[in-house]
file query.txt (compact mmCIF, C-alpha atoms)
# COMPACT_ATOMS: atom_id res chain seq x y z
CA MET A 786 107.89 -41.10 4.35
CA LEU A 787 106.24 -44.48 4.92
CA LEU A 788 106.60 -45.62 1.31
CA GLN A 789 110.21 -44.58 0.79
CA PRO A 790 111.83 -47.88 1.95
CA LEU A 791 109.54 -49.84 -0.39
CA TRP A 792 110.26 -47.54 -3.31
CA THR A 793 114.02 -47.63 -2.63
CA LEU A 794 113.84 -51.42 -2.71
CA LEU A 795 111.99 -51.39 -6.03
CA VAL A 796 114.37 -48.87 -7.58
CA GLY A 797 117.18 -51.21 -6.58
CA HIS A 798 115.72 -53.57 -9.19
CA SER A 799 115.46 -50.86 -11.83
CA SER A 800 116.65 -53.19 -14.60
CA LEU A 801 113.51 -55.28 -14.05
CA LEU A 802 111.24 -52.24 -13.93
CA HIS A 803 112.78 -50.91 -17.15
CA SER A 804 112.32 -54.22 -18.96
CA PRO A 805 109.63 -54.42 -21.66
CA PHE A 806 108.77 -57.84 -20.21
CA PHE A 807 107.91 -56.43 -16.78
CA PRO A 808 104.33 -55.14 -17.47
CA VAL A 809 103.19 -58.47 -18.93
CA ILE A 810 104.92 -60.60 -16.27
CA PHE A 811 103.59 -58.31 -13.53
CA SER A 812 100.04 -58.39 -14.89
CA LEU A 813 99.94 -62.16 -15.34
CA SER A 814 101.57 -62.88 -11.97
CA VAL A 815 99.24 -60.61 -10.00
CA TYR A 816 96.16 -61.82 -11.87
CA LEU A 817 96.87 -65.53 -11.42
CA SER A 818 97.85 -65.03 -7.78
CA PHE A 819 94.49 -63.38 -7.09
CA CYS A 820 92.62 -66.10 -8.99
CA LEU A 821 94.20 -69.03 -7.11
CA PRO A 822 92.28 -68.64 -3.80
CA PHE A 823 88.98 -68.56 -5.66
CA LEU A 824 89.95 -71.59 -7.75
CA LEU A 825 90.60 -73.40 -4.47
CA LEU A 826 87.13 -72.35 -3.28
CA ASP A 827 85.69 -73.74 -6.53
CA VAL A 828 87.30 -77.11 -5.78
CA LEU A 829 86.12 -77.09 -2.16
CA SER A 830 82.57 -75.92 -2.96
CA SER A 831 81.80 -79.18 -4.75
CA ARG A 832 82.61 -81.05 -1.52
CA TRP A 833 81.70 -78.71 1.34
CA ALA A 834 78.28 -77.17 1.85
CA LEU A 835 79.94 -74.57 4.09
CA VAL A 836 81.78 -73.14 1.07
CA ARG A 837 78.93 -73.68 -1.39
CA ARG A 838 76.59 -71.53 0.72
CA TYR A 839 78.58 -68.46 -0.35
CA LYS A 840 78.34 -69.21 -4.07
CA LEU A 841 76.16 -66.72 -5.93
CA GLN A 842 74.95 -69.51 -8.21
CA PRO A 843 75.16 -72.65 -6.02
CA GLN A 844 73.94 -74.91 -8.83
CA SER A 845 76.91 -74.01 -11.04
CA SER A 846 80.39 -75.51 -11.00
CA VAL A 847 83.69 -74.68 -12.66
CA SER A 848 85.05 -77.43 -14.89
CA TRP A 849 88.67 -77.98 -15.89
CA THR A 850 87.58 -77.36 -19.47
CA THR A 851 86.49 -73.87 -18.44
CA VAL A 852 89.77 -73.28 -16.61
CA ARG A 853 91.83 -74.38 -19.62
CA SER A 854 89.75 -72.28 -22.00
CA CYS A 855 90.07 -69.13 -19.87
CA LEU A 856 93.82 -69.59 -19.37
CA ALA A 857 94.39 -70.24 -23.08
CA LEU A 858 92.54 -67.11 -24.21
CA MET A 859 94.19 -64.95 -21.54
CA LEU A 860 97.69 -66.11 -22.51
CA TYR A 861 96.92 -65.72 -26.21
CA ASN A 862 95.82 -62.10 -25.73
CA HIS A 863 98.88 -61.27 -23.63
CA VAL A 864 101.43 -62.88 -25.96
CA VAL A 865 99.96 -61.90 -29.32
CA PHE A 866 98.56 -58.43 -28.56
CA ILE A 867 99.60 -56.97 -25.20
CA PHE A 868 103.31 -57.82 -25.28
CA PRO A 869 104.01 -56.26 -28.73
CA LEU A 870 102.20 -53.09 -27.67
CA THR A 871 104.14 -53.04 -24.40
CA VAL A 872 107.43 -53.26 -26.32
CA MET A 873 106.33 -50.42 -28.61
CA HIS A 874 105.37 -48.26 -25.63
CA TRP A 875 108.65 -49.11 -23.87
CA TYR A 876 110.60 -48.03 -26.96
CA GLN A 877 108.72 -44.74 -27.38
CA ARG A 878 108.37 -43.77 -23.69
CA PRO A 879 111.25 -45.04 -21.51
CA VAL A 880 110.33 -45.55 -17.86
CA HIS A 881 111.38 -42.72 -15.56
CA LEU A 882 112.01 -43.68 -11.92
CA PRO A 883 112.17 -40.71 -9.53
CA LYS A 884 114.23 -41.07 -6.36
CA GLU A 885 111.48 -40.08 -3.94
CA ALA A 886 108.31 -42.03 -3.20
CA PRO A 887 104.90 -40.34 -2.98
CA SER A 888 103.30 -39.81 0.41
CA LEU A 889 100.82 -42.51 1.48
CA PRO A 890 97.76 -40.16 1.59
CA TYR A 891 98.62 -38.83 -1.89
CA LEU A 892 99.02 -42.35 -3.27
CA LEU A 893 95.72 -43.51 -1.78
CA ALA A 894 93.87 -40.43 -3.06
CA GLN A 895 95.22 -40.87 -6.59
CA VAL A 896 94.41 -44.60 -6.61
CA LEU A 897 90.82 -43.76 -5.65
CA VAL A 898 90.56 -41.13 -8.39
CA CYS A 899 92.02 -43.60 -10.90
CA LEU A 900 89.39 -46.16 -9.89
CA LEU A 901 86.61 -43.60 -10.31
CA LEU A 902 87.94 -42.59 -13.74
CA PHE A 903 88.26 -46.20 -14.85
CA ASP A 904 84.78 -46.95 -13.53
CA PHE A 905 83.29 -44.15 -15.64
CA GLN A 906 85.28 -45.11 -18.75
CA SER A 907 84.37 -48.77 -18.40
CA PHE A 908 80.69 -48.01 -17.68
CA THR A 909 80.42 -45.91 -20.85
CA TRP A 910 82.27 -48.49 -22.95
CA HIS A 911 80.25 -51.36 -21.49
CA LEU A 912 76.87 -49.68 -21.92
CA LEU A 913 77.68 -48.80 -25.53
CA HIS A 914 78.65 -52.40 -26.33
CA HIS A 915 75.34 -53.64 -24.96
CA LYS A 916 73.18 -50.99 -26.63
CA VAL A 917 74.73 -51.36 -30.09
CA PRO A 918 74.01 -54.92 -31.30
CA TRP A 919 76.91 -54.93 -33.79
CA LEU A 920 79.42 -54.06 -31.05
CA TYR A 921 78.01 -56.68 -28.72
CA ARG A 922 77.89 -59.38 -31.36
CA ASN A 923 81.40 -58.78 -32.71
CA PHE A 924 83.31 -57.79 -29.57
CA HIS A 925 81.64 -58.13 -26.17
CA LYS A 926 79.70 -61.37 -26.63
CA VAL A 927 82.81 -63.45 -25.90
CA HIS A 928 82.89 -62.19 -22.32
CA HIS A 929 79.29 -63.31 -21.84
CA THR A 930 80.04 -66.89 -22.83
CA TYR A 931 79.67 -67.80 -19.16
CA THR A 932 76.49 -66.72 -17.35
CA SER A 933 77.97 -68.07 -14.11
CA THR A 934 81.02 -66.05 -13.17
CA SER A 935 84.30 -67.44 -11.81
CA ALA A 936 87.62 -65.76 -11.14
CA LEU A 937 89.29 -66.69 -14.45
CA THR A 938 86.37 -65.33 -16.48
CA ALA A 939 87.51 -61.83 -15.50
CA GLU A 940 89.85 -61.83 -18.50
CA TYR A 941 87.87 -64.13 -20.76
CA SER A 942 87.53 -61.53 -23.51
CA GLY A 943 88.41 -60.97 -27.14
CA ALA A 944 91.41 -58.94 -28.20
CA TRP A 945 89.43 -55.70 -28.71
CA GLU A 946 87.93 -55.79 -25.23
CA THR A 947 91.22 -56.73 -23.60
CA LEU A 948 93.11 -53.93 -25.34
CA SER A 949 90.46 -51.24 -24.85
CA LEU A 950 90.08 -51.92 -21.13
CA GLY A 951 93.86 -52.11 -20.86
CA PHE A 952 94.01 -48.68 -22.50
CA PHE A 953 91.59 -47.25 -19.92
CA THR A 954 93.67 -48.80 -17.13
CA ALA A 955 96.85 -47.18 -18.45
CA ALA A 956 95.20 -43.85 -19.32
CA SER A 957 93.81 -43.03 -15.87
CA PRO A 958 97.16 -42.75 -14.01
CA LEU A 959 98.71 -41.12 -17.08
CA LEU A 960 96.07 -38.37 -17.06
CA LEU A 961 96.78 -37.71 -13.37
CA GLY A 962 100.55 -37.80 -13.78
CA CYS A 963 100.85 -40.51 -11.15
CA HIS A 964 104.11 -41.65 -9.60
CA PRO A 965 105.23 -45.12 -10.86
CA LEU A 966 104.54 -46.59 -7.40
CA THR A 967 101.00 -45.18 -7.54
CA LYS A 968 100.54 -46.76 -10.97
CA LEU A 969 101.63 -50.15 -9.63
CA ALA A 970 99.29 -49.78 -6.65
CA PHE A 971 96.38 -48.88 -8.92
CA PHE A 972 97.10 -51.80 -11.26
CA VAL A 973 97.16 -54.22 -8.32
CA VAL A 974 93.92 -52.87 -6.82
CA ASN A 975 92.22 -52.81 -10.23
CA ILE A 976 93.18 -56.42 -10.97
CA TRP A 977 92.00 -57.54 -7.52
CA LEU A 978 88.63 -55.81 -7.86
CA SER A 979 88.14 -57.26 -11.35
CA VAL A 980 88.90 -60.78 -10.12
CA GLU A 981 86.67 -60.32 -7.07
CA ASP A 982 83.87 -59.01 -9.32
CA HIS A 983 83.94 -62.27 -11.27
CA CYS A 984 84.77 -64.68 -8.43
CA GLY A 985 81.22 -66.00 -8.10
CA TYR A 986 81.19 -65.77 -4.29
CA ASP A 987 79.54 -63.36 -1.86
CA LEU A 988 82.03 -63.68 0.98
CA PRO A 989 81.67 -62.01 4.42
CA TRP A 990 84.82 -59.91 3.82
CA ALA A 991 83.95 -58.92 0.24
CA THR A 992 84.68 -55.33 -0.75
CA HIS A 993 81.03 -54.39 -1.23
CA ARG A 994 80.39 -55.31 2.42
CA LEU A 995 83.16 -52.97 3.56
CA VAL A 996 81.94 -49.93 1.57
CA PRO A 997 78.83 -48.38 3.17
CA LEU A 998 75.52 -47.19 1.68
CA GLY A 999 75.61 -49.57 -1.27
CA LEU A 1000 78.11 -47.35 -3.10
CA TYR A 1001 80.10 -50.34 -4.30
CA GLY A 1002 78.57 -53.22 -6.23
CA GLY A 1003 81.05 -56.07 -6.04
CA ALA A 1004 80.65 -59.71 -7.02
CA ARG A 1005 76.87 -59.89 -6.53
CA HIS A 1006 76.42 -56.73 -8.63
CA HIS A 1007 78.45 -58.10 -11.54
CA ASP A 1008 77.10 -61.63 -11.31
CA LEU A 1009 73.61 -60.18 -11.82
CA HIS A 1010 74.92 -58.47 -14.95
CA HIS A 1011 75.96 -61.83 -16.39
CA LEU A 1012 72.51 -63.20 -15.55
CA LYS A 1013 70.60 -60.10 -16.72
CA SER A 1014 72.69 -58.33 -19.33
CA LYS A 1015 70.45 -55.23 -19.31
CA TYR A 1016 71.65 -54.12 -15.87
CA ASN A 1017 74.75 -53.27 -13.83
CA PHE A 1018 77.18 -51.99 -16.45
CA ALA A 1019 79.63 -50.25 -14.11
CA PRO A 1020 82.45 -52.55 -13.00
CA TYR A 1021 82.79 -51.36 -9.42
CA PHE A 1022 80.72 -48.48 -8.08
CA THR A 1023 76.94 -48.15 -8.36
CA HIS A 1024 76.36 -44.42 -8.92
CA TRP A 1025 76.47 -44.50 -12.74
CA ASP A 1026 73.95 -47.35 -12.91
CA ARG A 1027 71.71 -45.49 -10.44
CA LEU A 1028 71.82 -42.36 -12.61
CA ALA A 1029 71.21 -44.34 -15.81
CA GLY A 1030 68.39 -46.40 -14.31
CA THR A 1031 70.27 -49.65 -14.98
CA LEU A 1032 70.92 -50.71 -11.39
CA CYS A 1033 69.67 -54.13 -10.33
CA THR A 1034 70.26 -55.30 -6.76
CA LYS A 1035 68.55 -58.68 -6.62
CA GLN A 1036 67.62 -61.66 -8.75
CA ASP A 1037 63.92 -62.08 -9.53

call {"tool": "encode", "arguments": {"input": "query.txt", "output": "structure tokens"}}
result
Amino acid sequence: MLLQPLWTLLVGHSSLLHSPFFPVIFSLSVYLSFCLPFLLLDVLSSRWALVRRYKLQPQSSVSWTTVRSCLALMLYNHVVFIFPLTVMHWYQRPVHLPKEAPSLPYLLAQVLVCLLLFDFQSFTWHLLHHKVPWLYRNFHKVHHTYTSTSALTAEYSGAWETLSLGFFTAASPLLLGCHPLTKLAFFVVNIWLSVEDHCGYDLPWATHRLVPLGLYGGARHHDLHHLKSKYNFAPYFTHWDRLAGTLCTKQD
């Protein structure tokens, strides 16, 4: 089994995996690690036209005030809301670590299904919060503070949005009965895609360029949503927006 050595290594640090601190530390570490390369691009884009050519909104720039604001809100949500809920969940449902790892094809298949489930849940939630003015005004408007996306704006959200999307993220692998390693893999992929969605760059190796037939939206898809809030409600794939008639593929 290709994944068994990796899983055996992780189980060897079971005290860390069982810790109520692990989910928050894991989430923050992975998120900030994925944001750093794009923050470097933001610094370089102000100096190099070669980098700026890939910006979706070349006239925009990311200020240190924006960086501080995004980091402050993200940390506040994690410390004040996510960590207490993580401790409560840890107390009620202790982590079970099986000895055997899942097979690689099974892990990949379940991660894909988790992404499709999350995409549907998030699309429905997102569409509802744009169609109901009270929900948008009181909950989702915070995320639309910035019409020009950047990596750290991925988690620039109020407590309700952060917790509800976090619930969808946790619910998908739970519904499928995923192995803990599959859950970790899904969390990592989900965080990466969310950061890439908000990065503000249309890079040659971007995910939407690797998925054929326009099935995946990516950074350009979500950047258009921040510019035109009536379109592109699905976070990743494009099929729900196609079916709902809310797909927009280019800026007027």

call {"tool": "atom_distance", "arguments": {"input": "query.txt", "atom1": "atom CA of Thr1023 of chain A", "atom2": "atom CA of Leu901 of chain A"}}
result
10.9 Å

call {"tool": "residues_around", "arguments": {"input": "query.txt", "residues": "Ser942 of chain A", "least_positions_apart": "3", "cutoff": "12 Å", "atoms": "only C-alpha atoms", "output": "PyMOL selection string"}}
result
chain A and resi 854-863+921+923-931+937-939+945-951

call {"tool": "closest_residue", "arguments": {"input": "query.txt", "among": "A:Trp792, A:Tyr891, A:Tyr986, A:Tyr941", "to": "Lys840 of chain A", "atoms": "all atoms listed in the file"}}
result
A:Tyr986

call {"tool": "atom_distance", "arguments": {"input": "query.txt", "atom1": "atom CA of Phe1022 of chain A", "atom2": "atom CA of Gln842 of chain A"}}
result
21.8 Å

call {"tool": "axis_aligned_box", "arguments": {"input": "query.txt", "around": "segment 878-888 of chain A", "padding_each_side": "8 Å", "output": "JSON"}}
result
{"center_x": 108.8, "center_y": -42.7, "center_z": -11.6, "size_x": 26.9, "size_y": 21.7, "size_z": 40.1}

call {"tool": "residues_around", "arguments": {"input": "query.txt", "residues": "segment 1029-1031 of chain A", "least_positions_apart": "2", "cutoff": "9 Å", "atoms": "all atoms listed in the file", "output": "list in words"}}
result
Lys1015, Tyr1016, Asn1017, Phe1018, His1024, Trp1025, Asp1026, Arg1027 and Cys1033 of chain A

call {"tool": "atom_distance", "arguments": {"input": "query.txt", "atom1": "atom CA of Leu824 of chain A", "atom2": "atom CA of Ser1014 of chain A"}}
result
24.7 Å

call {"tool": "closest_residue", "arguments": {"input": "query.txt", "among": "A:Ser830, A:Ser812, A:Ser799, A:Gln789", "to": "Val973 of chain A", "atoms": "all atoms listed in the file"}}
result
A:Ser812
